Amino acid sequence: MRLFLFPVSWLLLCCCWMAQAEIFTSIGQMTDLLYTEKELVHSLREYIKAEESKLAEIKSWARKLDDLTRVSTADPEGYLAHPVNAYKLMKRLHSEWSQLESLVLQNPSDGFISNVTMHRQYFPDAEDEKGAAKALMRLQDTYRLDSEDFSKGRLPGMHSKAVLTVDDCFDMGKTAYNEGDYYHAVLWVQQALKQFDAGEEAVVSKASILDYLSYSVYQMGDLPRAIELTRRLVAIDSSHQRAGGNLRYYEKLLLKKQNDEQEEEQADQSSSEEPIQLGTYVRPKDHLPEREIYEALCRGEGAKLTEGRRSRLFCRYHDGSRNPRLLLKPIKEEDEWDSPHIVRYLEALSDYEIEKIKEMAKPRLARATVRDPKTGVLTTANYRVSKSAWLEEEDGPVISRVNQRIQDITGLTVDTAELLQVANYGVGGQYEPHFDFSRKDEPDAFKRLGTGNRVATFLNYMSDVEAGGSTVFPDLGAIIQPRKGTAVFWYNLFESGEGDYRTRHAACPVLVGSKWVSNKWIHERGQEFLRPCGLTKVD
């Protein structure tokens, strides 16, 4: 027998059967090998089919991403100005590209993997995706946006093709669920269920959606609805490991509650089939006592700019008490509020200056910090969500010019002021109500600087904002809209050096657009003869 004439597959099989050399003499056994070979060919075809299926899936990814990047890179800032696009970019780069990577890794492609690996260091991580999801929830709360409006790209004053799928909504809900935030978990998982029931395709199963939703609803204290949702879960997956036990537990709790309230007649009361929406449940209270007032002002509601107060607001030309640099070209000054006096300066920054400041700041942008009131050390905080950079005069003549202008306008020295801080608020970016000055229970807040308390704030608006992003003063009921090139100024301290608690303010979440600001915090030291001390506490 000349083995070299046999098929390669048979040679491979022979290697497996060398311990039984007599096999080749048995037709019957060789017939078995033919069937074995047939199975191998079938397996080969299944492998080819799997490769073709994988390639088709990769092609589908490529077409989708090609269309997406063509749109997104045509106007990057405009695309990212929509919060849903920003969230989906975070989700796409963190989660979906990882799925594509895993798909390709089934039969590794060195070029693709090395490219992804090289860029992975720049990809968002799990915290970034979670932060983007929380930003959408923050916008939802502040501007009272329904989950369906968000999922369909419907935002106040605009309609977009940026939509959230069933899986997007479910992942939003899971993010909240994993944080113990069952209020938002209910809103988003309910939206996932609504879109699933409408026939939208999804990777997540209906059983998983009902599992998360029923437990979240239970955590919100709605036992009848939790029971109804769990019954639906049992109906489609009777072997679910938790559903049966949960259902019995919920029914027992509801019966006990009804017995305790002597309302047995309601035992068979069924839950409403109406979808859960904003207002179905009360949002839990959090750390911020003026949350409702703050958010209402962000929506443009509750402003206390009465006609009487408006009549006391004026506009004028301001020459900085005959400052030589302002005599020939005084700056336009508008009153925004009468007491405390908040003013806006027009044409405080030119477009050229704005672009130069942004150009210098962009490479240095990092998560914005606040000064720890106990230690005086800069640290990040959940109530301030933005990226910031600090610029000094050595960074360029524009910074020197801006600092000099602030000094000329305010009549205060900036020699003891903090560096110019540049901040960019993206999707959901905000700074919750806070004081710029340190209170009596925070004596060490600025001790390291050695320049005293923050006597005043000068805030430059370096962009217009399509929606959201106002500066609001909850105690005053004041709303100040960002206007590119303008600046607002107010004193944080009375002339006596006592803090003016009315100046507690906030930067509202950016709903649509990108908000750029720069600010100068001016300190007490060096102002002794420029702003003499008052004789009474509130002078």
# chains A, B, ... in the order shown; residues from 1 in each chain; ligands from 1

$ residues_around --residues "Tyr501 in chain A" --least-positions-apart "5" --cutoff "10 Å" --atoms "only C-alpha atoms" --output "PyMOL selection string"
chain A and resi 340+434-437+439+475+492-494

$ residues_around --residues "range 299-316 of chain A" --least-positions-apart "4" --cutoff "12 Å" --atoms "only C-alpha atoms" --output "JSON, numbers by chain"
{"A": [139, 140, 141, 142, 143, 144, 145, 156, 292, 293, 294, 295, 320, 330, 331, 332, 333, 334, 335, 336, 337, 338, 339, 340, 341, 342, 343, 344, 345, 346, 467, 468, 469, 470, 471, 472, 473, 474, 475, 476, 477, 478, 479, 480, 481, 508, 509, 510, 511]}

$ closest_residue --among "A:Asp260, A:Asp464, A:Glu179, A:Glu495" --to "Pro482 in chain A" --atoms "only C-alpha atoms"
A:Asp464

$ atom_distance --atom1 "CA of Asn323 in chain A" --atom2 "CA of Thr410 in chain A"
10.4 Å

$ closest_residue --among "A:Val427, A:Val422, A:Cys533, A:Ile409" --to "Arg325 in chain A" --atoms "only C-alpha atoms"
A:Ile409

$ residues_around --residues "Asp167 in chain A" --least-positions-apart "6" --cutoff "12 Å" --atoms "only C-alpha atoms" --output "ChimeraX atom specification"
/A:88,91-92,95-96,151,173-174,188-196,200-206,208-209

$ closest_residue --among "A:Ser386, A:Thr165, A:Asn519, A:Ser102" --to "Glu432 in chain A" --atoms "only C-alpha atoms"
A:Ser386

$ closest_residue --among "A:Asp67, A:Leu210, A:Leu255, A:Gly497" --to "His240 in chain A" --atoms "only C-alpha atoms"
A:Leu210

$ closest_residue --among "A:Ala133, A:Leu100, A:Ala243, A:Val163" --to "Tyr87 in chain A" --atoms "only C-alpha atoms"
A:Ala133

$ residues_around --residues "Lys329 in chain A" --least-positions-apart "4" --cutoff "10 Å" --atoms "only C-alpha atoms" --output "list in words"
Tyr317, His318, Asp319, Pro324 and Arg325 of chain A

$ write_last_selection --atoms "C-alpha atoms" --output "compact mmCIF listing (two decimals), in the first residue's frame"
# COMPACT_ATOMS: atom_id res chain seq x y z
CA TYR A 317 -20.39 102.64 30.63
CA HIS A 318 -17.77 101.75 33.24
CA ASP A 319 -14.31 103.36 33.20
CA PRO A 324 -6.35 105.18 32.03
CA ARG A 325 -6.86 101.91 30.13

$ atom_distance --atom1 "CA of Ala86 in chain A" --atom2 "CA of Leu187 in chain A"
20.2 Å
